[in-house]
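Peer 1: The structure's right below; bear with me while I get my questions together.
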Amino acid sequence: MGLARTRSVALIGLAGSIVEVEADISSQLPGLRLIGLPDAALAEAAERVRAAAKNSGCALNPHKLTVNLSPAALRKHGSGFDLAIALACLAADGVVPAESVGAVLHIGELALDGRLRPTPGMLPAVIAAARWGYRTVMVPAGNADEAALVPGIRVIGVASLRDALIWHGARLEPITVDVLTAPAEEDSVDETLDLIDVVGNDEAILALQVAAAGGHHVFMLGPPGAGKTMLAARLPGLLPDLGPAASLEVSSLRSLSGRPVGRSLITRPPLEAPHHTITAAAMVGGGSGQIRPGAAARASHGVLFLDEAPEFAAAVLDALRQPLESGRISIHRANAVAHFPARFQLVLAANPCPCGQYGTGDDCSCAPNSRRRYLARLSGPLLDRIDIQLAVKRVSAAELRLSADGGRLSSAVARERVLAARAAAAERLKDTPWTLNSETTGPWLRGRQTRLAGSVTALLDRALERGGITMRGYDRVLRVAWSIADLTGVSRPGADEVGQALYLRKGMAS
């Protein structure tokens with residue numbers, strides 16, 4: 001009777017903890033018992049491991065097998081421990097050398113025929129293993145490309161438990177099996193969408209460029225057919241490619257959500273556009289077992305678009321208020337706290353009333369109280385966190401005819417302007433912890449080095465005195481003014497930039 005151990009990874013959010021998988025064989029009644037706070041999916045690993053081992057030509061020892069998942073106080077979720085459990089059990093029985101199994105970290109789910117299934121969250125799990133100092137990991141062949149994206153890690157991709165045993169030194173004849181792979185999934189961002197397709201709405205196009213330059217949130221109010229959805233779908237195309245850290249974070253969130261990553265990290269900003277029936281848990285993340293990222297976390301470093309925003313539940317919209325300020329989502333459970341990034345650009349779109357015809361010249365069937373109640377679903381504290389609030393009007397026949405003559409701005413040209421504006425902001429903010437204007441704080445904006453003259457902010461000061469904006473709104477107008485200055489190539493905002501920023505903040509009221 002023997003004892004063997006190996007290691008795997010338990011994920012809580014994007015953070016991973018190393019789990020030691022110990023297997024002991026004793027001369028008691030036959031059985032395989034898992035201890036160490038496994039969840040329901042992990043508790044069923046006993047039957048998966050037993051069947052997979054038998055069908056791989058190495059049945060488990062008929063004596064009592066006890067498998068401990070340490071640390072025992074940490075709750076373990078999911079089926080990614082199957083491979084580690086199987087190899088620890090077979091190493092304890094002497095089928096493979098215990099030293100070889102103990103030197104490798106194992107992640108993977110077993111099918112009953114012994115093949116290995118792709119496991120969600122492979123990328124953050126391997127990242128966690130690297131951070132804990134492990135350099136060799138064995139994963140399902142269907143996850144090998146994803147795991148290899150982590151630098152400094154030796155990845156061993158195996159298609160089946162039998163292949164894993166052979167790699168560790170078992171005297172078995174190799175049997176070729178079909179590799180289980182995750183189904184391919186189309187990217188959520190359509191790179192063919194171009195700003196040049198937008199007719200008219202010059203103010204909205206400028207607002208999108210300002211939003212992209214400074215990372216600002218946007219609210220567009222307008223009737224159906226005005227182009228709100230069309231504009232929002234083109235915002236990701238104006239954003240620059242993701243940097244190495246952001247690319248790794250976005251790819252990890254995608255992997256943790258159970259979506260394939262592929263052979264390369266995601267380099268373009270994501271777009272999440274959930275339906276208005278989404279729940280608060282689906283928006284920010286959660287789950288009764290393993291905590292999964294919600295739409296807001298998956299939109300990190302990209303765009304979260306809420307079309308028909310007043311139709312979303314109030315609890316869902318209010319759940320976004322804290323992430324908009326902190327850029328982070330924390331999911332609290334009785335035994336764990338999971339943290340997800342939430343540095344996204346929020347884009348809200350709404351009709352002016354339930355029927356959508358108010359202010360268009362067509363007959364509106366909504367009573368005044370009905371219109372007020374409809375837009376009141378968007379709470380004041382939420383709207384106060386939106387930097388750019390703009391009314392979008394329907395395109396007129398004259399604008400349509402003028403658009404046929406050309407002269408419209410393309411996404412490629414707009415992205416070059418955004419890149420130049422972001423470079424100017426990064427140079428100005430190089431001695432600060434921020435890289436975007438939207439990340440700066442009010443005290444810094446009003447500080448000695450960045451303080452604007454009273455003659456420049458006179459219009460903004462009057463709006464604050466009259467109660468037209470809050471102190472938070474005052475700072476957000478300053479942030480937008482700096483973004484406009486960066487976009488137009490001036491070193492500091494003047495009265496024109498501040499006035500334009502104030503208009504973009506209060507454009508719906510004009």
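Simple scheme: letters A, B, ... for chains in structure tokens order, numbers from 1 for residues in each chain, numbers from 1 for ligands in the order shown.
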Mind listing the alpha helix (DSSP H) residues of stretch 146-363 of chain A, per DSSP on the backbone, as number ranges by chain?
Peer 2: A: 146-147, 161-167, 202-214, 228-234, 244-256, 280-284, 295-298, 314-318, 321-326
Peer 1: Export, as an mmCIF file, in the first residue's frame, the selected residues with C-alpha atoms.
Peer 2:
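Once everything was written out, this is result07.cif:
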```
data_model
loop_
_atom_site.group_PDB
_atom_site.id
_atom_site.type_symbol
_atom_site.label_atom_id
_atom_site.label_comp_id
_atom_site.auth_asym_id
_atom_site.auth_seq_id
_atom_site.Cartn_x
_atom_site.Cartn_y
_atom_site.Cartn_z
ATOM 1 C CA GLU A 146 -4.312 28.084 -24.641
ATOM 2 C CA ALA A 147 -1.975 26.956 -21.855
ATOM 3 C CA LEU A 161 -5.352 9.331 -19.428
ATOM 4 C CA ARG A 162 -3.470 6.501 -21.150
ATOM 5 C CA ASP A 163 -1.206 9.043 -22.906
ATOM 6 C CA ALA A 164 -0.600 10.745 -19.557
ATOM 7 C CA LEU A 165 0.374 7.441 -17.962
ATOM 8 C CA ILE A 166 2.752 6.635 -20.827
ATOM 9 C CA TRP A 167 4.387 10.071 -20.504
ATOM 10 C CA ASP A 202 -21.725 64.556 -36.744
ATOM 11 C CA GLU A 203 -22.066 65.454 -33.067
ATOM 12 C CA ALA A 204 -22.451 61.809 -32.091
ATOM 13 C CA ILE A 205 -19.448 60.804 -34.221
ATOM 14 C CA LEU A 206 -17.344 63.459 -32.487
ATOM 15 C CA ALA A 207 -18.648 62.298 -29.110
ATOM 16 C CA LEU A 208 -17.565 58.714 -29.913
ATOM 17 C CA GLN A 209 -14.058 59.906 -30.762
ATOM 18 C CA VAL A 210 -13.848 61.883 -27.523
ATOM 19 C CA ALA A 211 -15.130 58.862 -25.595
ATOM 20 C CA ALA A 212 -12.548 56.597 -27.234
ATOM 21 C CA ALA A 213 -9.735 59.100 -26.639
ATOM 22 C CA GLY A 214 -10.404 59.447 -22.915
ATOM 23 C CA LYS A 228 -27.783 54.722 -31.584
ATOM 24 C CA THR A 229 -27.054 51.000 -31.911
ATOM 25 C CA MET A 230 -25.108 51.587 -35.125
ATOM 26 C CA LEU A 231 -22.886 54.129 -33.379
ATOM 27 C CA ALA A 232 -22.330 52.017 -30.264
ATOM 28 C CA ALA A 233 -21.334 48.951 -32.312
ATOM 29 C CA ARG A 234 -18.570 51.001 -33.951
ATOM 30 C CA PRO A 244 0.072 42.791 -23.139
ATOM 31 C CA ALA A 245 -1.401 42.952 -19.616
ATOM 32 C CA ALA A 246 -4.900 43.854 -20.821
ATOM 33 C CA SER A 247 -4.743 41.183 -23.532
ATOM 34 C CA LEU A 248 -3.855 38.521 -20.972
ATOM 35 C CA GLU A 249 -6.646 39.707 -18.661
ATOM 36 C CA VAL A 250 -9.307 39.733 -21.391
ATOM 37 C CA SER A 251 -8.209 36.302 -22.620
ATOM 38 C CA SER A 252 -8.311 34.928 -19.057
ATOM 39 C CA LEU A 253 -11.848 36.212 -18.551
ATOM 40 C CA ARG A 254 -12.893 34.621 -21.820
ATOM 41 C CA SER A 255 -11.344 31.309 -20.766
ATOM 42 C CA LEU A 256 -12.978 31.437 -17.332
ATOM 43 C CA ALA A 280 -27.867 41.313 -11.664
ATOM 44 C CA ALA A 281 -25.832 38.124 -11.129
ATOM 45 C CA ALA A 282 -25.400 37.658 -14.876
ATOM 46 C CA MET A 283 -24.354 41.292 -15.226
ATOM 47 C CA VAL A 284 -21.673 41.513 -12.525
ATOM 48 C CA ALA A 295 -21.096 40.660 -18.736
ATOM 49 C CA ALA A 296 -19.532 43.698 -17.046
ATOM 50 C CA ALA A 297 -16.338 41.782 -16.261
ATOM 51 C CA ARG A 298 -16.182 40.240 -19.737
ATOM 52 C CA ALA A 314 -33.262 48.829 -11.620
ATOM 53 C CA ALA A 315 -31.171 46.395 -9.564
ATOM 54 C CA VAL A 316 -29.101 45.515 -12.642
ATOM 55 C CA LEU A 317 -28.375 49.152 -13.491
ATOM 56 C CA ASP A 318 -27.588 50.094 -9.907
ATOM 57 C CA ARG A 321 -22.569 52.078 -10.090
ATOM 58 C CA GLN A 322 -19.736 50.771 -7.918
ATOM 59 C CA PRO A 323 -17.759 49.173 -10.790
ATOM 60 C CA LEU A 324 -18.007 52.431 -12.758
ATOM 61 C CA GLU A 325 -16.176 54.206 -9.930
ATOM 62 C CA SER A 326 -13.676 51.559 -8.831
#
```
Peer 1: Find the residues around A:Gly286 up to 9 Å (only C-alpha atoms counted), leave out those fewer than 4 positions away in its own chain, and share them as a list in words.
Peer 2: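 Returned residues: Ala280, Ala281, Ala282, Gln290, Ile291, Arg292, Pro293, Gly294, Ile331, His332, Arg333 and Ala338 of chain A.
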Peer 1: From the set A:Leu419, A:Leu83, A:Ala342, A:Val21, which residue has the shortest atom-to-atom contact distance to A:Ala52, counting only C-alpha atoms?
Peer 2: A:Leu83
Peer 1: Check the smallest atom-to-atom distance from each of A:Pro274, A:Pro493, A:Pro223, A:Pro118 to A:Arg259 using only C-alpha atoms, then report the winner.
Peer 2: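 Nearest to A:Arg259: A:Pro118.
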Peer 1: Would you work out the distance separating atom CA of A:Ala4 from atom CA of A:Lys76, expressed in Å to one decimal?
Peer 2: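 These two atoms are separated by 19.8 Å.
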Peer 1: Can you list every residue of stretch 415-449 of chain A that has an atom at most 9 Å from stretch 470-487 of chain A, with its nearest atom pair and the distance in Å to one decimal, using only C-alpha atoms, ordered by chain then number, as a tab-separated table?
Peer 2:
```
residue	atom	partner	partner_atom	distance
A:Arg417	CA	A:Leu487	CA	6.5
A:Val418	CA	A:Leu487	CA	6.7
A:Ala420	CA	A:Leu487	CA	7.3
A:Ala421	CA	A:Asp486	CA	4.6
A:Arg422	CA	A:Asp486	CA	7.4
A:Ala423	CA	A:Asp486	CA	8.7
A:Ala424	CA	A:Asp486	CA	6.1
A:Ala425	CA	A:Asp486	CA	6.7
A:Leu436	CA	A:Ser483	CA	8.7
A:Asn437	CA	A:Arg479	CA	5.5
A:Ser438	CA	A:Arg479	CA	6.0
A:Glu439	CA	A:Arg479	CA	8.6
A:Thr440	CA	A:Arg479	CA	7.5
A:Thr441	CA	A:Asp475	CA	7.7
A:Gly442	CA	A:Asp475	CA	5.3
A:Pro443	CA	A:Asp475	CA	8.7
A:Leu445	CA	A:Leu478	CA	7.3
A:Arg446	CA	A:Asp475	CA	8.4
```
Peer 1: What does the file look like for those residues with N, CA and C atoms, as a short mmCIF file (atom, residue, chain, number, x, y, z; two decimals), in the first residue's frame?
Peer 2:
```
data_model
loop_
_atom_site.label_atom_id
_atom_site.label_comp_id
_atom_site.auth_asym_id
_atom_site.auth_seq_id
_atom_site.Cartn_x
_atom_site.Cartn_y
_atom_site.Cartn_z
N ARG A 417 -6.61 59.23 -34.94
CA ARG A 417 -6.79 60.43 -34.10
C ARG A 417 -6.86 60.03 -32.62
N VAL A 418 -7.55 58.93 -32.34
CA VAL A 418 -7.67 58.46 -30.96
C VAL A 418 -6.30 58.04 -30.42
N ALA A 420 -3.36 59.14 -31.32
CA ALA A 420 -2.56 60.34 -31.07
C ALA A 420 -3.02 61.02 -29.78
N ALA A 421 -4.34 61.08 -29.55
CA ALA A 421 -4.86 61.70 -28.33
C ALA A 421 -4.45 60.91 -27.09
N ARG A 422 -4.50 59.59 -27.18
CA ARG A 422 -4.11 58.77 -26.03
C ARG A 422 -2.61 58.89 -25.76
N ALA A 423 -1.82 59.01 -26.82
CA ALA A 423 -0.39 59.19 -26.62
C ALA A 423 -0.10 60.50 -25.91
N ALA A 424 -0.82 61.57 -26.28
CA ALA A 424 -0.64 62.86 -25.61
C ALA A 424 -1.04 62.77 -24.15
N ALA A 425 -2.15 62.08 -23.86
CA ALA A 425 -2.59 61.91 -22.47
C ALA A 425 -1.58 61.08 -21.68
N LEU A 436 -5.35 57.25 -18.77
CA LEU A 436 -6.47 57.84 -19.48
C LEU A 436 -7.04 59.00 -18.68
N ASN A 437 -7.62 59.97 -19.39
CA ASN A 437 -8.23 61.12 -18.71
C ASN A 437 -9.38 60.70 -17.80
N SER A 438 -10.13 59.67 -18.20
CA SER A 438 -11.28 59.24 -17.39
C SER A 438 -10.86 58.65 -16.06
N GLU A 439 -9.59 58.28 -15.91
CA GLU A 439 -9.11 57.67 -14.67
C GLU A 439 -8.61 58.69 -13.67
N THR A 440 -8.39 59.93 -14.10
CA THR A 440 -7.84 60.94 -13.21
C THR A 440 -8.86 61.33 -12.14
N THR A 441 -8.36 61.88 -11.05
CA THR A 441 -9.23 62.28 -9.95
C THR A 441 -9.48 63.78 -9.98
N GLY A 442 -10.56 64.19 -9.31
CA GLY A 442 -10.91 65.60 -9.26
C GLY A 442 -9.84 66.46 -8.61
N PRO A 443 -9.30 66.06 -7.44
CA PRO A 443 -8.25 66.89 -6.83
C PRO A 443 -7.04 67.08 -7.74
N LEU A 445 -7.10 67.07 -11.08
CA LEU A 445 -7.52 67.96 -12.17
C LEU A 445 -7.54 69.42 -11.71
N ARG A 446 -7.90 69.61 -10.47
CA ARG A 446 -7.98 70.97 -9.94
C ARG A 446 -6.70 71.39 -9.23
#
```
Peer 1: Write out as a list in words each polymer residue whose atoms come within 10 Å of A:Val137, counting only C-alpha atoms; drop sequence neighbours fewer than 5 positions from it.
Peer 2: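 After dropping sequence-adjacent residues, the list is Arg7, Ser8, Ala103, Val104, Leu105, His106, Ile107, Val126, Ala129, Ala130, Ala144, Ala147, Ala148, Ile153, Arg154, Val155, Ile156 and Gly157 of chain A.
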Peer 1: With only C-alpha atoms as the basis for distance, which of A:Leu235, A:Leu123, A:Ala88, A:Leu375 is at the shortest distance from A:Leu346?
Peer 2: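 The closest residue to A:Leu346 is A:Leu235.
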Peer 1: Between atom CA of A:Glu311 and atom CA of A:Arg394, what is the distance, to one decimal in Å?
Peer 2: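 Going from atom CA of A:Glu311 over to atom CA of A:Arg394, I get 21.5 Å.
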Peer 1: Could you pull the residues within 7 Å of A:Asp24, counting only C-alpha atoms, minus those fewer than 5 positions along the same chain, as a PyMOL selection string?
Peer 2: chain A and resi 2-4+65-67+92
Peer 1: Which residues, written as a short mmCIF file (atom, residue, chain, number, x, y, z; two decimals) with C-alpha atoms, in the first residue's frame, have at least one atom at most 8 Å from A:Val158, with only C-alpha atoms counted and residues fewer than 4 positions away on the same chain left out?
Peer 2:
```
data_model
loop_
_atom_site.label_atom_id
_atom_site.label_comp_id
_atom_site.auth_asym_id
_atom_site.auth_seq_id
_atom_site.Cartn_x
_atom_site.Cartn_y
_atom_site.Cartn_z
CA LEU A 116 -9.50 14.42 -21.61
CA MET A 138 -0.06 18.64 -18.05
CA VAL A 139 -3.34 19.63 -19.65
CA PRO A 140 -5.87 18.23 -22.15
CA ALA A 141 -4.66 18.40 -25.74
CA ASP A 163 -1.21 9.04 -22.91
CA ALA A 164 -0.60 10.75 -19.56
#
```
Peer 1: Please identify all polymer residues within 9 Å of A:Glu308, counting only C-alpha atoms, omitting same-chain residues fewer than 2 positions from it, and present them as an NGL selection string.
Peer 2: :A and (275-276 or 306 or 310-312 or 348-351)
Peer 1: Write to file, as an mmCIF file, in the first residue's frame, the residues of the selection just made, with N, CA and C atoms.
Peer 2:
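The resulting out_5.cif:
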```
data_model
loop_
_atom_site.group_PDB
_atom_site.id
_atom_site.type_symbol
_atom_site.label_atom_id
_atom_site.label_comp_id
_atom_site.auth_asym_id
_atom_site.auth_seq_id
_atom_site.Cartn_x
_atom_site.Cartn_y
_atom_site.Cartn_z
ATOM 1 N N HIS A 275 -28.935 41.319 -23.269
ATOM 2 C CA HIS A 275 -30.357 41.635 -23.427
ATOM 3 C C HIS A 275 -30.881 42.273 -22.149
ATOM 4 N N HIS A 276 -31.957 43.052 -22.278
ATOM 5 C CA HIS A 276 -32.457 43.777 -21.108
ATOM 6 C C HIS A 276 -33.088 42.879 -20.054
ATOM 7 N N LEU A 306 -25.616 48.780 -23.373
ATOM 8 C CA LEU A 306 -26.957 48.462 -22.885
ATOM 9 C C LEU A 306 -27.970 49.184 -23.760
ATOM 10 N N PRO A 310 -33.592 51.863 -20.287
ATOM 11 C CA PRO A 310 -34.651 51.920 -19.277
ATOM 12 C C PRO A 310 -35.392 50.598 -19.070
ATOM 13 N N GLU A 311 -35.262 49.670 -20.020
ATOM 14 C CA GLU A 311 -35.939 48.384 -19.878
ATOM 15 C C GLU A 311 -35.193 47.430 -18.947
ATOM 16 N N PHE A 312 -33.933 47.740 -18.613
ATOM 17 C CA PHE A 312 -33.184 46.898 -17.687
ATOM 18 C C PHE A 312 -33.732 47.077 -16.277
ATOM 19 N N LEU A 348 -24.909 53.606 -22.954
ATOM 20 C CA LEU A 348 -26.344 53.448 -22.758
ATOM 21 C C LEU A 348 -27.072 54.060 -23.950
ATOM 22 N N ALA A 349 -28.148 53.416 -24.354
ATOM 23 C CA ALA A 349 -29.003 53.965 -25.410
ATOM 24 C C ALA A 349 -30.447 53.850 -24.953
ATOM 25 N N ALA A 350 -31.227 54.906 -25.215
ATOM 26 C CA ALA A 350 -32.620 54.911 -24.769
ATOM 27 C C ALA A 350 -33.471 55.719 -25.731
ATOM 28 N N ASN A 351 -34.742 55.348 -25.819
ATOM 29 C CA ASN A 351 -35.724 56.134 -26.544
ATOM 30 C C ASN A 351 -36.219 57.265 -25.636
#
```
Peer 1: What's around A:Gly454 at 10 Å? Count only C-alpha atoms, leave out sequence neighbours fewer than 6 positions away in its own chain, and write the answer as an MDAnalysis selection string.
Peer 2: chainID A and resid 460:461 495
Peer 1: To test your reading of the structure, identify every residue in stretch 292-404 of chain A that backbone DSSP assigns to strand (DSSP E or B), and report it as a ChimeraX atom specification.
Peer 2: /A:292-293,303-306,328-332,337-341,345-350,388-391
